[in-house]
file my_file_31.txt (compact mmCIF, C-alpha atoms)
# COMPACT_ATOMS: atom_id res chain seq x y z
CA MET A 1 104.22 91.90 128.82
CA PRO A 2 107.80 91.60 127.55
CA ALA A 3 108.31 91.32 123.81
CA ASN A 4 110.03 87.93 124.15
CA HIS A 5 107.06 86.50 126.04
CA PHE A 6 104.74 87.86 123.35
CA ASN A 7 106.85 86.25 120.62
CA THR A 8 106.44 82.78 122.14
CA HIS A 9 102.66 83.02 121.78
CA CYS A 10 102.60 84.64 118.33
CA PRO A 11 103.28 82.98 114.95
CA ASP A 12 106.47 84.03 113.16
CA TRP A 13 104.59 85.73 110.34
CA ALA A 14 102.46 87.76 112.76
CA THR A 15 105.52 88.80 114.78
CA ALA A 16 107.29 89.88 111.59
CA LEU A 17 104.26 91.87 110.45
CA LEU A 18 103.82 93.59 113.81
CA ASN A 19 107.53 94.37 113.91
CA GLY A 20 107.02 95.99 110.51
CA PHE A 21 104.50 98.40 112.03
CA SER A 22 106.87 99.18 114.91
CA GLN A 23 109.83 99.67 112.53
CA ILE A 24 108.05 102.73 111.15
CA PHE A 25 109.08 104.28 114.47
CA LEU A 26 112.53 102.64 114.36
CA GLN A 27 111.65 100.02 116.98
CA ARG A 28 111.58 96.25 116.92
CA HIS A 29 108.76 95.40 119.31
CA PRO A 30 105.60 93.49 118.33
CA LEU A 31 103.50 95.06 121.10
CA CYS A 32 104.50 98.50 119.86
CA GLY A 33 103.50 97.38 116.37
CA LEU A 34 100.17 96.10 117.68
CA LEU A 35 99.41 99.47 119.24
CA CYS A 36 100.31 101.21 115.96
CA LEU A 37 97.89 98.88 114.18
CA LEU A 38 95.19 99.65 116.78
CA ALA A 39 95.84 103.36 116.27
CA ILE A 40 94.92 102.93 112.61
CA LEU A 41 91.91 100.75 113.43
CA PHE A 42 90.43 103.19 115.95
CA SER A 43 91.14 106.49 114.18
CA ALA A 44 91.07 105.61 110.45
CA PRO A 45 89.71 102.08 109.89
CA THR A 46 89.41 102.65 106.14
CA LEU A 47 93.22 102.76 105.95
CA LEU A 48 93.80 99.50 107.81
CA GLY A 49 93.25 97.23 104.81
CA GLY A 50 95.83 99.07 102.74
CA ALA A 51 98.37 99.04 105.57
CA LEU A 52 97.98 95.28 106.06
CA LEU A 53 98.14 94.59 102.32
CA GLY A 54 101.33 96.60 101.94
CA GLY A 55 103.01 94.99 104.94
CA VAL A 56 102.02 91.45 103.89
CA ALA A 57 103.21 92.10 100.33
CA GLY A 58 106.65 93.14 101.56
CA LEU A 59 106.89 90.17 103.90
CA LEU A 60 105.78 87.60 101.30
CA THR A 61 108.10 89.04 98.67
CA ALA A 62 111.03 88.75 101.07
CA GLN A 63 110.06 85.17 101.93
CA ARG A 64 109.61 84.07 98.32
CA ARG A 65 112.92 85.61 97.30
CA GLY A 66 114.79 83.98 100.18
CA TYR A 67 115.87 87.10 102.02
CA ALA A 68 117.45 86.62 105.45
CA LYS A 69 114.95 85.36 108.01
CA ALA A 70 116.44 87.56 110.74
CA ASP A 71 115.73 90.66 108.62
CA ARG A 72 112.23 89.41 107.81
CA GLN A 73 111.43 88.79 111.47
CA ALA A 74 112.75 92.23 112.37
CA GLY A 75 110.11 93.78 110.10
CA LEU A 76 112.67 95.36 107.77
CA PHE A 77 110.80 94.28 104.63
CA SER A 78 107.33 95.29 105.85
CA TYR A 79 107.41 98.84 107.16
CA ASN A 80 107.84 100.59 103.81
CA GLY A 81 105.00 98.47 102.43
CA VAL A 82 102.78 99.49 105.35
CA LEU A 83 103.48 103.17 104.68
CA LEU A 84 102.82 102.77 100.96
CA GLY A 85 99.56 100.98 101.68
CA LEU A 86 98.50 103.81 103.97
CA LEU A 87 99.47 106.47 101.43
CA LEU A 88 97.68 104.81 98.54
CA SER A 89 94.55 104.12 100.61
CA LEU A 90 94.48 107.75 101.69
CA GLN A 91 95.14 109.35 98.32
CA PHE A 92 93.26 107.12 95.89
CA SER A 93 89.70 105.87 95.74
CA TRP A 94 89.17 102.18 96.42
CA SER A 95 88.64 100.25 93.21
CA ALA A 96 89.56 96.91 91.68
CA MET A 97 92.97 98.34 90.75
CA LEU A 98 93.97 99.63 94.18
CA PRO A 99 94.73 96.31 95.99
CA PRO A 100 97.03 95.07 93.17
CA LEU A 101 98.75 98.46 93.17
CA ILE A 102 99.34 98.25 96.92
CA LEU A 103 100.60 94.67 96.64
CA ALA A 104 102.98 95.57 93.81
CA SER A 105 104.26 98.66 95.65
CA GLY A 106 104.80 96.74 98.89
CA GLY A 107 106.65 93.97 97.06
CA LEU A 108 108.83 96.43 95.17
CA SER A 109 109.68 98.25 98.38
CA ALA A 110 110.96 94.97 99.85
CA ILE A 111 113.22 94.42 96.82
CA VAL A 112 114.60 97.96 97.09
CA THR A 113 115.12 97.51 100.83
CA GLN A 114 117.06 94.28 100.28
CA GLN A 115 119.42 95.95 97.82
CA TRP A 116 119.92 98.81 100.26
CA LEU A 117 120.60 96.41 103.14
CA LYS A 118 123.31 94.68 101.11
CA ARG A 119 125.12 97.96 100.69
CA ALA A 120 124.40 99.09 104.26
CA ARG A 121 126.60 96.25 105.53
CA ASP A 122 129.41 98.48 104.32
CA GLN A 123 129.91 101.28 106.86
CA HIS A 124 130.15 103.85 104.10
CA PHE A 125 126.53 103.41 103.01
CA LEU A 126 123.80 105.37 104.77
CA PRO A 127 120.76 103.64 106.32
CA ALA A 128 117.64 103.40 104.18
CA TYR A 129 115.18 104.59 106.82
CA THR A 130 111.93 105.20 104.85
CA ALA A 131 113.65 106.14 101.57
CA PRO A 132 111.96 103.31 99.57
CA PHE A 133 108.58 104.59 100.72
CA VAL A 134 109.37 108.19 99.86
CA GLY A 135 110.84 107.41 96.43
CA LEU A 136 108.02 105.10 95.38
CA GLY A 137 105.46 107.43 96.95
CA TRP A 138 106.65 110.38 94.88
CA ILE A 139 106.46 108.28 91.71
CA LEU A 140 102.95 107.03 92.49
CA LEU A 141 101.65 110.47 93.41
CA SER A 142 103.03 111.93 90.19
CA VAL A 143 101.41 109.47 87.77
CA ALA A 144 97.85 109.20 89.08
CA ALA A 145 95.10 111.61 90.00
CA PRO A 146 94.35 111.49 93.73
CA ALA A 147 90.86 111.09 95.14
CA HIS A 148 89.06 114.19 96.41
CA SER A 149 89.24 114.48 100.17
CA ILE A 150 87.20 116.56 102.61
CA PRO A 151 89.36 119.20 104.33
CA ALA A 152 89.95 118.42 107.98
CA PRO A 153 88.45 120.85 110.52
CA ARG A 154 90.96 123.33 111.89
CA PRO A 155 91.47 123.02 115.68
CA GLU A 156 91.61 126.07 117.92
CA LEU A 157 94.88 127.51 119.21
CA ASP A 158 94.41 126.84 122.92
CA ALA A 159 95.90 124.56 125.54
CA LEU A 160 93.75 121.61 124.49
CA GLY A 161 94.53 122.20 120.81
CA LEU A 162 98.27 122.34 121.51
CA LEU A 163 98.15 119.14 123.60
CA GLY A 164 96.23 117.37 120.85
CA ALA A 165 98.69 118.62 118.23
CA GLU A 166 101.58 117.17 120.26
CA PHE A 167 100.10 113.68 119.88
CA LYS A 168 98.91 114.30 116.33
CA GLY A 169 102.54 114.94 115.40
CA LEU A 170 103.26 111.28 116.15
CA GLY A 171 100.06 110.06 114.51
CA GLN A 172 100.89 111.90 111.29
CA VAL A 173 103.86 109.57 110.81
CA ILE A 174 101.21 107.06 109.68
CA PHE A 175 98.83 109.71 108.25
CA LEU A 176 96.55 109.89 111.30
CA ASP A 177 95.35 113.28 112.56
CA HIS A 178 93.54 112.09 115.71
CA PRO A 179 95.10 112.58 119.16
CA LEU A 180 94.05 109.05 120.17
CA ALA A 181 96.35 107.64 117.49
CA GLY A 182 99.30 109.56 118.92
CA VAL A 183 98.48 108.43 122.47
CA LEU A 184 98.45 104.77 121.39
CA ILE A 185 101.75 105.23 119.56
CA VAL A 186 103.34 106.83 122.63
CA VAL A 187 102.18 103.90 124.76
CA GLY A 188 103.72 101.54 122.22
CA LEU A 189 106.99 103.46 122.28
CA LEU A 190 107.00 103.40 126.09
CA LEU A 191 106.69 99.62 125.98
CA ALA A 192 109.52 99.38 123.46
CA ASN A 193 111.90 102.03 124.81
CA ARG A 194 111.08 104.79 127.27
CA ARG A 195 113.97 106.95 126.14
CA ALA A 196 112.75 106.76 122.54
CA ALA A 197 109.22 107.73 123.61
CA LEU A 198 110.52 110.79 125.46
CA TRP A 199 112.61 111.96 122.51
CA ALA A 200 109.69 111.42 120.12
CA LEU A 201 107.53 113.71 122.25
CA VAL A 202 110.33 116.30 122.38
CA GLY A 203 110.66 116.21 118.60
CA SER A 204 106.94 116.59 118.02
CA ALA A 205 106.73 119.48 120.50
CA ALA A 206 109.70 121.25 118.92
CA GLY A 207 108.18 121.05 115.45
CA LEU A 208 104.83 122.26 116.76
CA LEU A 209 106.26 125.25 118.62
CA CYS A 210 108.46 126.34 115.71
CA ALA A 211 105.53 126.17 113.28
CA VAL A 212 103.29 128.22 115.59
CA TRP A 213 106.10 130.77 115.99
CA LEU A 214 106.34 131.00 112.18
CA ASN A 215 102.56 131.56 111.90
CA GLN A 216 101.90 128.12 110.39
CA THR A 217 99.30 127.50 113.08
CA PRO A 218 96.60 125.57 111.13
CA ASP A 219 98.96 122.91 109.79
CA ALA A 220 100.90 122.87 113.05
CA LEU A 221 97.76 122.03 115.03
CA LEU A 222 97.12 119.12 112.67
CA GLY A 223 100.53 117.69 113.56
CA LEU A 224 102.00 118.23 110.10
CA TYR A 225 105.15 119.92 111.45
CA GLY A 226 105.77 117.47 114.27
CA TYR A 227 106.23 114.05 112.71
CA ASN A 228 109.53 114.57 110.87
CA PRO A 229 111.31 116.06 113.93
CA ALA A 230 109.87 113.22 116.03
CA LEU A 231 111.30 110.61 113.66
CA ALA A 232 114.68 112.38 113.56
CA ALA A 233 114.74 112.38 117.36
CA LEU A 234 113.90 108.66 117.39
CA ALA A 235 116.76 107.92 114.99
CA PHE A 236 119.34 109.30 117.45
CA SER A 237 117.47 108.71 120.72
CA GLN A 238 119.88 106.04 122.00
CA GLN A 239 122.93 108.33 122.00
CA ARG A 240 123.02 108.62 125.79
CA ARG A 241 126.41 110.35 125.92
CA GLN A 242 125.61 112.67 123.02
CA PRO A 243 122.17 114.23 123.65
CA TRP A 244 123.02 116.95 121.16
CA LEU A 245 122.62 114.44 118.31
CA PRO A 246 118.80 114.04 118.57
CA LEU A 247 118.51 117.79 119.18
CA LEU A 248 120.49 118.52 116.03
CA GLY A 249 118.41 115.98 114.12
CA ILE A 250 115.24 117.73 115.27
CA ALA A 251 116.59 121.12 114.19
CA LEU A 252 117.63 119.87 110.76
CA ALA A 253 114.27 118.19 110.14
CA ILE A 254 112.44 121.41 111.04
CA LEU A 255 114.66 123.49 108.77
CA LEU A 256 114.32 121.08 105.83
CA THR A 257 110.54 120.62 105.97
CA PRO A 258 109.58 123.81 104.03
CA ALA A 259 112.11 123.03 101.27
CA PHE A 260 110.18 120.08 99.86
CA ALA A 261 106.92 122.01 99.64
CA ALA A 262 108.82 124.84 97.95
CA VAL A 263 109.94 122.53 95.13
CA GLY A 264 106.49 120.98 94.73
CA LEU A 265 107.20 117.58 96.32
CA ALA A 266 105.02 115.89 98.90
CA THR A 267 106.82 116.18 102.22
CA LEU A 268 106.14 112.63 103.46
CA THR A 269 109.13 111.61 105.63
CA ALA A 270 111.77 113.14 103.34
CA PRO A 271 112.95 115.85 105.81
CA PHE A 272 113.58 113.17 108.44
CA ILE A 273 115.61 111.06 106.02
CA LEU A 274 117.69 113.95 104.70
CA ALA A 275 118.31 115.32 108.20
CA CYS A 276 119.60 111.95 109.40
CA TRP A 277 121.75 111.46 106.30
CA LEU A 278 123.30 114.91 106.66
CA LEU A 279 123.98 114.39 110.34
CA ARG A 280 125.49 110.93 109.88
CA SER A 281 127.62 112.14 106.97
CA GLY A 282 128.84 115.08 109.01
CA ILE A 283 129.77 112.81 111.93
CA ARG A 284 131.62 110.50 109.56
CA LEU A 285 133.59 113.38 108.02
CA LEU A 286 134.54 114.67 111.46
CA ARG A 287 135.78 111.24 112.48
CA HIS A 288 137.86 110.93 109.32
CA ALA A 289 139.31 114.39 109.90
CA THR A 290 140.17 113.49 113.50
CA THR A 291 141.82 110.26 112.39
CA ASP A 292 143.84 111.98 109.67
CA SER A 293 145.07 114.66 112.07
CA ALA A 294 146.13 112.16 114.76
CA PRO A 295 149.94 111.79 115.18
CA CYS A 296 151.46 108.74 113.55
CA GLN A 297 152.85 105.97 115.75
CA THR A 298 156.60 105.64 116.00
CA SER A 299 158.32 102.59 114.65
CA GLU A 300 159.33 101.57 118.19
CA ASN A 301 155.71 101.19 119.25
CA GLN A 302 154.15 99.04 116.55
CA PRO A 303 151.01 97.07 117.49
CA ARG A 304 151.45 93.32 117.67
CA LEU A 305 149.36 90.70 115.96
CA ARG A 306 147.97 88.11 118.34
call {"tool": "encode", "arguments": {"input": "my_file_31.txt", "output": "structure tokens"}}
result
Amino acid sequence: MPANHFNTHCPDWATALLNGFSQIFLQRHPLCGLLCLLAILFSAPTLLGGALLGGVAGLLTAQRRGYAKADRQAGLFSYNGVLLGLLLSLQFSWSAMLPPLILASGGLSAIVTQQWLKRARDQHFLPAYTAPFVGLGWILLSVAAPAHSIPAPRPELDALGLLGAEFKGLGQVIFLDHPLAGVLIVVGLLLANRRAALWALVGSAAGLLCAVWLNQTPDALLGLYGYNPALAALAFSQQRRQPWLPLLGIALAILLTPAFAAVGLATLTAPFILACWLLRSGIRLLRHATTDSAPCQTSENQPRLR
């Protein structure tokens, strides 16, 4: 079913919320968002309430503050709230304080996103990606004691374990370590953009193989080294004439991942963000250098105003 056909049968608020789920994977497609939501429901239903609360908080905040409807419908004010709701539901025990905390975090992420979007209209400002989620997530994780969690069972290093880890790498973007979650996300990406789905799988596989090669097998088989390269690949997946861009994004995300653990910060999606920022900044500098080194036009060949 095409996304436009789906939109005609879905209320505006639901379309905006589902687009928020799909925007986590840099897509605007409500069916993709629906499959991401189903991935949470089937593999970690206890996280679904937090994800919905965070996404709704971002959307309502944007609506009450009069932010652009086009940006609201695109899900740009919801996806950071969804991620914060997932993070808080995963890390902290459910209590009377948790829903207000998720609502406040989701609303604040929408305000931060709006300020970033204002500056992003200028070509010299880098995209936000999931920076509001990462910044607020680091603050929240630093000021509260997390709930005790049961360690996940370690999968075996065999063909089935490697195949499952490939899909887990995509599921870990939304904190899911079940292969079914990754399969549903891949199906959603295929519906939204086949090229993006292919590059996401390439990124996850690259992160997995590099981690196994570096003897980080247990975490690699849980998908923890695949999700940042997958996101970096998604960010540059539409560069048809420059396939080296997603490949370079994947490489940078893999190289940057250990740095955040080394300084004691939760990895989250920070390597993906920094890799994309570095790559975009480098491209911009190269373009400026090319422009500055180009020969000046002669006075006899001045462009005309029309």
call {"tool": "closest_residue", "arguments": {"input": "my_file_31.txt", "among": "A:Ala230, A:Ile111, A:Ala70, A:Leu84", "to": "A:Gly49", "atoms": "only C-alpha atoms"}}
result
A:Leu84
call {"tool": "residues_around", "arguments": {"input": "my_file_31.txt", "residues": "A:Leu252", "least_positions_apart": "6", "cutoff": "12 Å", "atoms": "only C-alpha atoms", "output": "MDAnalysis selection string"}}
result
chainID A and resid 203 206:207 228:233 245:246 258:259 270:280
call {"tool": "atom_distance", "arguments": {"input": "my_file_31.txt", "atom1": "atom CA of A:Ala110", "atom2": "atom CA of A:Pro11"}}
result
20.8 Å
call {"tool": "closest_residue", "arguments": {"input": "my_file_31.txt", "among": "A:Val82, A:Thr217, A:Tyr227, A:Asn193", "to": "A:Glu166", "atoms": "all atoms listed in the file"}}
result
A:Tyr227
call {"tool": "atom_distance", "arguments": {"input": "my_file_31.txt", "atom1": "atom CA of A:Leu83", "atom2": "atom CA of A:Lys69"}}
result
21.4 Å
call {"tool": "closest_residue", "arguments": {"input": "my_file_31.txt", "among": "A:Pro218, A:Pro127, A:Gly81, A:Gly169", "to": "A:Ala235", "atoms": "only C-alpha atoms"}}
result
A:Pro127
call {"tool": "closest_residue", "arguments": {"input": "my_file_31.txt", "among": "A:Val134, A:Ala211, A:Ile139, A:Leu222", "to": "A:Gly182", "atoms": "all atoms listed in the file"}}
result
A:Leu222
call {"tool": "closest_residue", "arguments": {"input": "my_file_31.txt", "among": "A:Leu170, A:Ala62, A:Ala57, A:Leu86", "to": "A:Leu208", "atoms": "all atoms listed in the file"}}
result
A:Leu170
call {"tool": "residues_around", "arguments": {"input": "my_file_31.txt", "residues": "A:Gly188", "least_positions_apart": "3", "cutoff": "9 Å", "atoms": "only C-alpha atoms", "output": "number ranges by chain"}}
result
A: 22, 29, 31-36, 183-185, 191-193, 197
call {"tool": "closest_residue", "arguments": {"input": "my_file_31.txt", "among": "A:Phe25, A:Phe42, A:Trp13, A:Trp244", "to": "A:Ala200", "atoms": "only C-alpha atoms"}}
result
A:Phe25
call {"tool": "residues_around", "arguments": {"input": "my_file_31.txt", "residues": "A:Leu60", "least_positions_apart": "3", "cutoff": "12 Å", "atoms": "only C-alpha atoms", "output": "ChimeraX atom specification"}}
result
/A:13-14,16-17,52-57,63-67,69,72-73,75,77-78,81,103-104,106-111
call {"tool": "atom_distance", "arguments": {"input": "my_file_31.txt", "atom1": "atom CA of A:Phe133", "atom2": "atom CA of A:Leu285"}}
result
27.5 Å
call {"tool": "decode", "arguments": {"input": "my_file_31.txt", "residues": "stretch 16-40 of chain A", "atoms": "N, CA and C atoms", "output": "mmCIF file, in the first residue's frame"}}
result
data_model
loop_
_atom_site.group_PDB
_atom_site.id
_atom_site.type_symbol
_atom_site.label_atom_id
_atom_site.label_comp_id
_atom_site.auth_asym_id
_atom_site.auth_seq_id
_atom_site.Cartn_x
_atom_site.Cartn_y
_atom_site.Cartn_z
ATOM 1 N N ALA A 16 1.343 11.686 11.721
ATOM 2 C CA ALA A 16 2.507 12.392 12.269
ATOM 3 C C ALA A 16 3.249 11.525 13.272
ATOM 4 N N LEU A 17 2.502 10.805 14.117
ATOM 5 C CA LEU A 17 3.143 9.956 15.121
ATOM 6 C C LEU A 17 3.875 8.793 14.464
ATOM 7 N N LEU A 18 3.239 8.161 13.473
ATOM 8 C CA LEU A 18 3.893 7.047 12.786
ATOM 9 C C LEU A 18 5.112 7.522 12.002
ATOM 10 N N ASN A 19 5.008 8.708 11.403
ATOM 11 C CA ASN A 19 6.182 9.271 10.735
ATOM 12 C C ASN A 19 7.308 9.516 11.727
ATOM 13 N N GLY A 20 6.955 9.846 12.975
ATOM 14 C CA GLY A 20 7.975 10.014 14.005
ATOM 15 C C GLY A 20 8.747 8.733 14.250
ATOM 16 N N PHE A 21 8.047 7.589 14.258
ATOM 17 C CA PHE A 21 8.746 6.310 14.416
ATOM 18 C C PHE A 21 9.648 6.037 13.210
ATOM 19 N N SER A 22 9.159 6.342 12.003
ATOM 20 C CA SER A 22 9.979 6.078 10.817
ATOM 21 C C SER A 22 11.153 7.043 10.710
ATOM 22 N N GLN A 23 11.012 8.267 11.256
ATOM 23 C CA GLN A 23 12.106 9.240 11.196
ATOM 24 C C GLN A 23 13.312 8.799 12.012
ATOM 25 N N ILE A 24 13.127 7.880 12.940
ATOM 26 C CA ILE A 24 14.272 7.330 13.665
ATOM 27 C C ILE A 24 15.248 6.705 12.679
ATOM 28 N N PHE A 25 14.700 6.173 11.584
ATOM 29 C CA PHE A 25 15.515 5.563 10.533
ATOM 30 C C PHE A 25 15.626 6.469 9.309
ATOM 31 N N LEU A 26 15.423 7.779 9.540
ATOM 32 C CA LEU A 26 15.593 8.817 8.526
ATOM 33 C C LEU A 26 14.660 8.637 7.328
ATOM 34 N N GLN A 27 13.455 8.121 7.587
ATOM 35 C CA GLN A 27 12.446 7.964 6.557
ATOM 36 C C GLN A 27 11.185 8.714 6.967
ATOM 37 N N ARG A 28 10.416 9.124 5.962
ATOM 38 C CA ARG A 28 9.086 9.662 6.217
ATOM 39 C C ARG A 28 8.086 8.747 5.534
ATOM 40 N N HIS A 29 7.589 7.771 6.285
ATOM 41 C CA HIS A 29 6.702 6.766 5.712
ATOM 42 C C HIS A 29 5.898 6.145 6.858
ATOM 43 N N PRO A 30 4.590 6.409 6.924
ATOM 44 C CA PRO A 30 3.802 5.919 8.061
ATOM 45 C C PRO A 30 3.764 4.400 8.176
ATOM 46 N N LEU A 31 3.797 3.686 7.042
ATOM 47 C CA LEU A 31 3.804 2.224 7.123
ATOM 48 C C LEU A 31 5.118 1.718 7.708
ATOM 49 N N CYS A 32 6.205 2.366 7.362
ATOM 50 C CA CYS A 32 7.490 2.038 7.978
ATOM 51 C C CYS A 32 7.422 2.289 9.483
ATOM 52 N N GLY A 33 6.821 3.423 9.860
ATOM 53 C CA GLY A 33 6.665 3.720 11.282
ATOM 54 C C GLY A 33 5.796 2.707 11.986
ATOM 55 N N LEU A 34 4.737 2.247 11.311
ATOM 56 C CA LEU A 34 3.857 1.235 11.907
ATOM 57 C C LEU A 34 4.603 -0.062 12.165
ATOM 58 N N LEU A 35 5.463 -0.455 11.236
ATOM 59 C CA LEU A 35 6.234 -1.677 11.426
ATOM 60 C C LEU A 35 7.272 -1.515 12.535
ATOM 61 N N CYS A 36 7.830 -0.323 12.690
ATOM 62 C CA CYS A 36 8.730 -0.064 13.823
ATOM 63 C C CYS A 36 7.959 -0.186 15.143
ATOM 64 N N LEU A 37 6.756 0.341 15.167
ATOM 65 C CA LEU A 37 5.917 0.244 16.363
ATOM 66 C C LEU A 37 5.588 -1.220 16.661
ATOM 67 N N LEU A 38 5.267 -1.997 15.615
ATOM 68 C CA LEU A 38 4.982 -3.423 15.809
ATOM 69 C C LEU A 38 6.220 -4.178 16.283
ATOM 70 N N ALA A 39 7.392 -3.745 15.828
ATOM 71 C CA ALA A 39 8.629 -4.380 16.291
ATOM 72 C C ALA A 39 8.777 -4.232 17.799
ATOM 73 N N ILE A 40 8.437 -3.064 18.319
ATOM 74 C CA ILE A 40 8.478 -2.854 19.770
ATOM 75 C C ILE A 40 7.417 -3.696 20.460
#
